[in-house]
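Text of start_34.cif (mmCIF, C-alpha atoms) as supplied:
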```
data_model
loop_
_atom_site.label_atom_id
_atom_site.label_comp_id
_atom_site.auth_asym_id
_atom_site.auth_seq_id
_atom_site.Cartn_x
_atom_site.Cartn_y
_atom_site.Cartn_z
CA MET A 445 0.00 0.00 0.00
CA ILE A 446 1.24 3.47 -0.93
CA HIS A 447 0.48 6.59 1.14
CA GLU A 448 0.92 9.87 -0.74
CA VAL A 449 1.15 13.42 0.58
CA SER A 450 1.56 16.52 -1.61
CA ILE A 451 3.24 19.63 -0.20
CA ASN A 452 2.80 22.87 -2.13
CA TRP A 453 4.84 25.99 -1.56
CA LEU A 454 2.71 29.03 -0.63
CA GLU A 455 5.13 31.89 0.13
CA GLY A 456 8.10 32.49 2.41
CA VAL A 457 8.74 29.06 3.92
CA ALA A 458 5.05 28.18 4.23
CA PHE A 459 3.61 25.09 2.53
CA ARG A 460 0.16 23.52 2.25
CA SER A 461 0.13 19.76 2.76
CA GLU A 462 -2.68 17.75 1.15
CA ALA A 463 -3.39 14.10 1.93
CA ASP A 464 -6.65 12.30 1.14
CA GLY A 465 -8.48 15.63 1.08
CA HIS A 466 -7.08 16.75 4.45
CA SER A 467 -5.12 19.98 4.40
CA ILE A 468 -2.45 21.19 6.84
CA THR A 469 -0.56 24.48 6.73
CA ILE A 470 3.14 24.14 7.54
CA ASP A 471 5.37 27.10 8.36
CA ALA A 472 8.34 28.08 10.48
CA PRO A 473 7.94 30.36 13.51
CA PHE A 474 9.10 33.99 13.27
CA GLU A 475 12.45 33.28 14.95
CA ALA A 476 13.23 30.66 12.30
CA GLY A 477 12.42 32.90 9.35
CA GLY A 478 8.77 32.00 8.89
CA GLN A 479 5.47 33.72 9.59
CA ASN A 480 4.00 31.13 11.97
CA LYS A 481 1.05 30.42 9.65
CA GLY A 482 1.07 26.75 10.52
CA ILE A 483 2.77 24.00 12.47
CA ARG A 484 6.52 23.66 12.08
CA PRO A 485 7.36 20.60 10.03
CA LYS A 486 9.39 18.69 12.59
CA MET A 487 6.61 18.90 15.17
CA LEU A 488 4.42 16.85 12.82
CA ILE A 489 6.62 13.92 13.87
CA LEU A 490 5.41 14.38 17.45
CA ALA A 491 1.77 14.71 16.31
CA SER A 492 2.21 11.58 14.20
CA LEU A 493 3.60 9.60 17.11
CA GLY A 494 0.90 10.79 19.51
CA GLY A 495 -1.88 10.12 17.02
CA CYS A 496 -0.54 6.69 16.09
CA THR A 497 -0.26 5.44 19.63
CA GLY A 498 -3.50 7.21 20.58
CA VAL A 499 -5.49 5.31 17.96
CA ASP A 500 -3.90 2.03 19.10
CA VAL A 501 -4.63 2.68 22.77
CA VAL A 502 -8.28 3.58 22.14
CA LEU A 503 -8.83 0.40 20.10
CA ILE A 504 -6.99 -1.84 22.59
CA LEU A 505 -8.83 -0.40 25.61
CA GLN A 506 -12.16 -0.89 23.82
CA LYS A 507 -11.26 -4.56 23.22
CA MET A 508 -10.30 -4.86 26.89
CA LYS A 509 -13.71 -3.34 27.86
CA VAL A 510 -11.94 -0.57 29.75
CA LYS A 511 -14.26 2.44 30.06
CA PHE A 512 -12.51 5.78 29.87
CA THR A 513 -13.92 9.28 29.51
CA GLY A 514 -10.83 11.04 28.21
CA ILE A 515 -7.37 10.49 26.80
CA ARG A 516 -4.84 13.25 26.33
CA ILE A 517 -1.34 12.52 25.09
CA VAL A 518 1.45 15.05 25.46
CA VAL A 519 4.49 14.34 23.33
CA GLU A 520 7.69 16.18 24.21
CA GLY A 521 10.72 16.05 21.93
CA LYS A 522 14.12 17.32 23.03
CA LEU A 523 16.05 18.74 20.07
CA THR A 524 19.77 18.50 19.51
CA GLU A 525 21.59 21.82 19.05
CA HIS A 526 23.48 21.10 15.83
CA HIS A 527 22.38 20.27 12.28
CA PRO A 528 20.64 18.10 11.43
CA LYS A 529 18.50 19.00 14.44
CA VAL A 530 16.76 15.85 15.57
CA TYR A 531 14.80 14.78 18.62
CA GLU A 532 17.31 12.90 20.73
CA THR A 533 14.63 11.92 23.25
CA ILE A 534 10.85 11.85 23.07
CA VAL A 535 8.66 11.45 26.17
CA VAL A 536 5.06 10.35 25.58
CA LYS A 537 2.80 11.25 28.53
CA TYR A 538 -0.58 9.51 28.54
CA PHE A 539 -3.27 11.22 30.67
CA PHE A 540 -6.38 9.13 31.24
CA SER A 541 -9.67 10.10 32.84
CA GLY A 542 -12.50 7.84 33.91
CA GLU A 543 -13.80 6.04 36.99
CA ASP A 544 -11.90 3.16 38.62
CA LEU A 545 -9.34 2.90 35.83
CA ASP A 546 -7.10 -0.19 36.08
CA LEU A 547 -3.50 1.01 35.82
CA ALA A 548 -2.23 -2.42 34.76
CA LYS A 549 -4.63 -2.52 31.81
CA LEU A 550 -3.72 1.01 30.75
CA GLN A 551 -0.04 0.06 30.91
CA LYS A 552 -0.69 -3.08 28.88
CA ALA A 553 -2.47 -1.08 26.16
CA ILE A 554 0.44 1.35 25.95
CA ASP A 555 3.01 -1.45 25.87
CA LEU A 556 1.13 -3.25 23.08
CA SER A 557 1.02 -0.01 21.08
CA GLN A 558 4.64 0.95 21.62
CA ASP A 559 6.12 -2.55 21.24
CA LYS A 560 3.87 -4.12 18.61
CA TYR A 561 1.46 -1.89 16.70
CA CYS A 562 2.66 1.70 16.39
CA GLY A 563 4.56 1.98 13.13
CA VAL A 564 5.65 5.54 13.90
CA THR A 565 7.42 4.40 17.06
CA ALA A 566 8.99 1.55 15.07
CA MET A 567 10.34 3.99 12.45
CA LEU A 568 11.80 6.38 15.03
CA ARG A 569 13.21 4.15 17.73
CA ASN A 570 16.43 3.33 15.89
CA SER A 571 17.31 7.03 16.12
CA VAL A 572 15.37 8.42 19.07
CA LYS A 573 15.10 7.26 22.68
CA ILE A 574 11.33 7.07 23.35
CA SER A 575 9.90 6.70 26.86
CA ASN A 576 6.37 6.66 28.27
CA GLN A 577 4.53 7.88 31.34
CA ILE A 578 0.97 7.21 32.54
CA ILE A 579 -1.00 9.73 34.55
CA ILE A 580 -4.55 9.04 35.77
CA GLU A 581 -6.44 12.32 36.20
CA MET B 337 14.98 23.08 23.17
CA ILE B 338 11.78 21.16 23.83
CA HIS B 339 8.97 20.86 21.27
CA GLU B 340 5.59 19.89 22.74
CA VAL B 341 2.46 18.62 21.03
CA SER B 342 -0.78 17.76 22.84
CA ILE B 343 -3.19 15.22 21.32
CA ASN B 344 -6.71 15.12 22.72
CA TRP B 345 -9.17 12.33 22.09
CA LEU B 346 -12.40 13.50 20.43
CA GLU B 347 -14.49 10.38 19.71
CA GLY B 348 -14.03 7.08 17.89
CA VAL B 349 -10.35 7.11 16.97
CA ALA B 350 -10.26 10.83 16.17
CA PHE B 351 -7.90 13.18 18.00
CA ARG B 352 -7.19 16.90 17.92
CA SER B 353 -3.51 17.80 17.91
CA GLU B 354 -2.44 21.19 19.27
CA ALA B 355 1.03 22.65 18.87
CA ASP B 356 1.92 26.31 19.33
CA GLY B 357 -1.69 27.28 18.63
CA HIS B 358 -1.91 25.22 15.44
CA SER B 359 -4.59 22.56 15.39
CA ILE B 360 -4.76 19.38 13.30
CA THR B 361 -7.52 16.78 13.30
CA ILE B 362 -6.25 13.21 13.16
CA ASP B 363 -8.46 10.23 12.35
CA ALA B 364 -8.40 6.86 10.64
CA PRO B 365 -10.16 6.29 7.31
CA PHE B 366 -13.44 4.33 7.26
CA GLU B 367 -11.73 1.06 6.27
CA ALA B 368 -9.48 1.29 9.33
CA GLY B 369 -12.33 1.91 11.79
CA GLY B 370 -12.34 5.72 11.74
CA GLN B 371 -14.61 8.36 10.27
CA ASN B 372 -12.04 10.10 8.06
CA LYS B 373 -12.40 13.40 9.91
CA GLY B 374 -8.70 14.15 9.55
CA ILE B 375 -5.36 12.94 8.29
CA ARG B 376 -4.29 9.46 9.35
CA PRO B 377 -1.50 9.68 11.89
CA LYS B 378 1.20 7.85 9.98
CA MET B 379 0.83 10.14 6.96
CA LEU B 380 1.92 13.05 9.17
CA ILE B 381 5.40 11.51 8.89
CA LEU B 382 5.29 12.10 5.13
CA ALA B 383 3.98 15.65 5.58
CA SER B 384 6.73 16.27 8.13
CA LEU B 385 9.42 15.03 5.78
CA GLY B 386 8.08 17.03 2.83
CA GLY B 387 7.71 20.20 4.88
CA CYS B 388 11.13 19.86 6.48
CA THR B 389 13.00 19.42 3.21
CA GLY B 390 10.74 21.99 1.51
CA VAL B 391 11.69 24.71 4.01
CA ASP B 392 15.37 23.82 3.59
CA VAL B 393 15.21 23.88 -0.21
CA VAL B 394 13.43 27.26 -0.32
CA LEU B 395 16.03 28.82 2.01
CA ILE B 396 19.01 27.27 0.17
CA LEU B 397 17.72 28.29 -3.27
CA GLN B 398 17.16 31.84 -2.02
CA LYS B 399 20.78 31.95 -0.78
CA MET B 400 21.91 30.63 -4.18
CA LYS B 401 19.85 33.40 -5.89
CA VAL B 402 17.91 30.78 -7.81
CA LYS B 403 14.55 32.23 -8.89
CA PHE B 404 11.68 29.77 -8.88
CA THR B 405 7.96 30.32 -9.19
CA GLY B 406 6.71 27.10 -7.65
CA ILE B 407 7.77 24.08 -5.63
CA ARG B 408 5.60 21.04 -5.09
CA ILE B 409 6.87 18.03 -3.21
CA VAL B 410 5.11 14.69 -3.46
CA VAL B 411 6.10 12.21 -0.76
CA GLU B 412 5.19 8.57 -1.34
CA GLY B 413 5.59 5.98 1.40
CA LYS B 414 5.31 2.25 0.74
CA LEU B 415 3.88 0.45 3.77
CA THR B 416 4.85 -3.00 4.97
CA GLU B 417 1.98 -5.49 5.29
CA HIS B 418 2.54 -6.71 8.84
CA HIS B 419 2.49 -4.97 12.25
CA PRO B 420 4.05 -2.66 13.09
CA LYS B 421 3.22 -1.22 9.65
CA VAL B 422 6.07 1.07 8.67
CA TYR B 423 7.18 2.80 5.50
CA GLU B 424 9.88 0.57 4.10
CA THR B 425 10.65 3.06 1.33
CA ILE B 426 9.85 6.74 0.88
CA VAL B 427 10.26 8.53 -2.46
CA VAL B 428 10.44 12.33 -2.34
CA LYS B 429 9.57 13.90 -5.72
CA TYR B 430 10.49 17.57 -6.07
CA PHE B 431 8.62 19.45 -8.82
CA PHE B 432 10.04 22.89 -9.62
CA SER B 433 8.65 25.59 -11.85
CA GLY B 434 10.39 28.72 -13.09
CA GLU B 435 12.34 30.00 -16.07
CA ASP B 436 15.80 28.65 -16.98
CA LEU B 437 16.15 26.62 -13.79
CA ASP B 438 19.64 25.19 -13.26
CA LEU B 439 19.24 21.47 -12.55
CA ALA B 440 22.64 21.22 -10.86
CA LYS B 441 21.72 23.95 -8.36
CA LEU B 442 18.35 22.35 -7.64
CA GLN B 443 20.10 19.02 -7.05
CA LYS B 444 22.63 20.67 -4.77
CA ALA B 445 19.88 22.27 -2.68
CA ILE B 446 18.14 18.91 -2.31
CA ASP B 447 21.38 17.12 -1.41
CA LEU B 448 22.22 19.73 1.24
CA SER B 449 18.76 19.32 2.75
CA GLN B 450 18.71 15.53 2.70
CA ASP B 451 22.33 15.02 3.77
CA LYS B 452 22.92 17.91 6.16
CA TYR B 453 19.93 19.92 7.34
CA CYS B 454 16.70 17.96 7.38
CA GLY B 455 16.30 16.48 10.85
CA VAL B 456 13.25 14.48 9.80
CA THR B 457 15.26 12.63 7.16
CA ALA B 458 18.00 12.08 9.74
CA MET B 459 15.53 10.53 12.20
CA LEU B 460 13.98 8.21 9.62
CA ARG B 461 16.88 7.03 7.51
CA ASN B 462 18.09 4.39 9.96
CA SER B 463 14.76 2.62 9.40
CA VAL B 464 13.48 3.76 6.00
CA LYS B 465 15.14 3.83 2.57
CA ILE B 466 14.58 7.40 1.32
CA SER B 467 15.22 8.38 -2.31
CA ASN B 468 14.72 11.61 -4.27
CA GLN B 469 13.66 12.67 -7.75
CA ILE B 470 13.72 16.10 -9.41
CA ILE B 471 11.19 17.13 -12.04
CA ILE B 472 11.29 20.55 -13.73
CA GLU B 473 7.78 21.50 -14.86
#
```
Representation of the structure as structure tokens:
Amino acid sequence: MIHEVSINWLEGVAFRSEADGHSITIDAPFEAGGQNKGIRPKMLILASLGGCTGVDVVLILQKMKVKFTGIRIVVEGKLTEHHPKVYETIVVKYFFSGEDLDLAKLQKAIDLSQDKYCGVTAMLRNSVKISNQIIIE
Amino acid sequence: MIHEVSINWLEGVAFRSEADGHSITIDAPFEAGGQNKGIRPKMLILASLGGCTGVDVVLILQKMKVKFTGIRIVVEGKLTEHHPKVYETIVVKYFFSGEDLDLAKLQKAIDLSQDKYCGVTAMLRNSVKISNQIIIE
């Protein structure tokens, strides 16, 4: 299966990304020479990782019959200082809300995502140290 | 420097990503159990790669005094069939428009991005075979 994304230059260093009819504006912040019209490109890696593992965790918890009312995932990437600037570490913080949540089941869902299902983690972990935290709110 | 992205569950397998005030809706397509309300998470990797190298190429060509009227970057990722599903190859196609474009300079800008500046390429290339093509339109 082929996934295709088209990125079209707008002006300055801003681009419009199109994928399956879904549009995203990409730009650099002012301090990096852009006009902050959209997300900076590298941060899409963090959104990708959070979304990928988020979808997994929702599906796994549903199979486990775990009832939750909210999931928020905060993905923090620590950049290196020299070119090419990469995330040397990424911390994925999973915040769950709901009544009587079973920590062991939440941990199992995260482990299954990070170790088995999440392709984004699999593509990054040869280059980036990725760690996880669970917080029940 | 820390980059932070927050991903909040909406419903089904849809999430809203927030980063520096820029919002992206993430979802799975219908055939993968979603409602296609937003981009699928893994494709954000392709958008990230295209945006990252696109910003580099614009800045490098400006420094080289190369005048272009358009840049479109098509990023194609070929998925593996088994979990975790990853892109085993990614092809980055750079389409340039403008008068009397110097192919050698365009190639040099792309090489500088892919070999030296683009952190997204640097994070992926230990796992994914990435190749490039130039097309002058």
For this session: For chain B, list the residues within 6 Å of chain A, counting all atoms listed in the file, and write the list as JSON, numbers by chain.
Result: {"B": [337, 338, 339, 340, 341, 342, 343, 344, 345, 349, 358, 374, 375, 377, 378, 380, 381, 384, 387, 388, 391, 407, 408, 409, 410, 411, 412, 413, 414, 415, 419, 420, 421, 422, 452, 453, 454, 455, 459, 463]}
Problem set entry | Å distance separating atom CA of A:Gln551 from atom CA of A:Ile578, one decimal place |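 Separating atom CA of A:Gln551 from atom CA of A:Ile578 is a distance of 7.4 Å.
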For this session: Could you check how far atom CA of B:Gly434 sits from atom CA of B:Lys403, in Å to one decimal?
Result: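 Going from atom CA of B:Gly434 over to atom CA of B:Lys403, I get 6.9 Å.
Ranking A:Ala476, A:Ala548, A:Ile574, A:Ile579 by their shortest atom-to-atom distance to A:Met508, with all atoms listed in the file included, puts A:Ala548 first.
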Problem set entry | Interatomic distance, atom CA of B:Gln371 to atom CA of A:Val510 (Å, one decimal) | 21.6 Å
Exercise. Got a sec to resolve the PyMOL selection byres ((chain B and resi 436) around 10) on this structure and send the residues as a list in words?
Worked result: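 Output of the PyMOL selection byres ((chain B and resi 436) around 10): Val402, Lys403, Phe404, Ser433, Gly434, Glu435, Leu437, Asp438, Leu439 and Ile472 of chain B.
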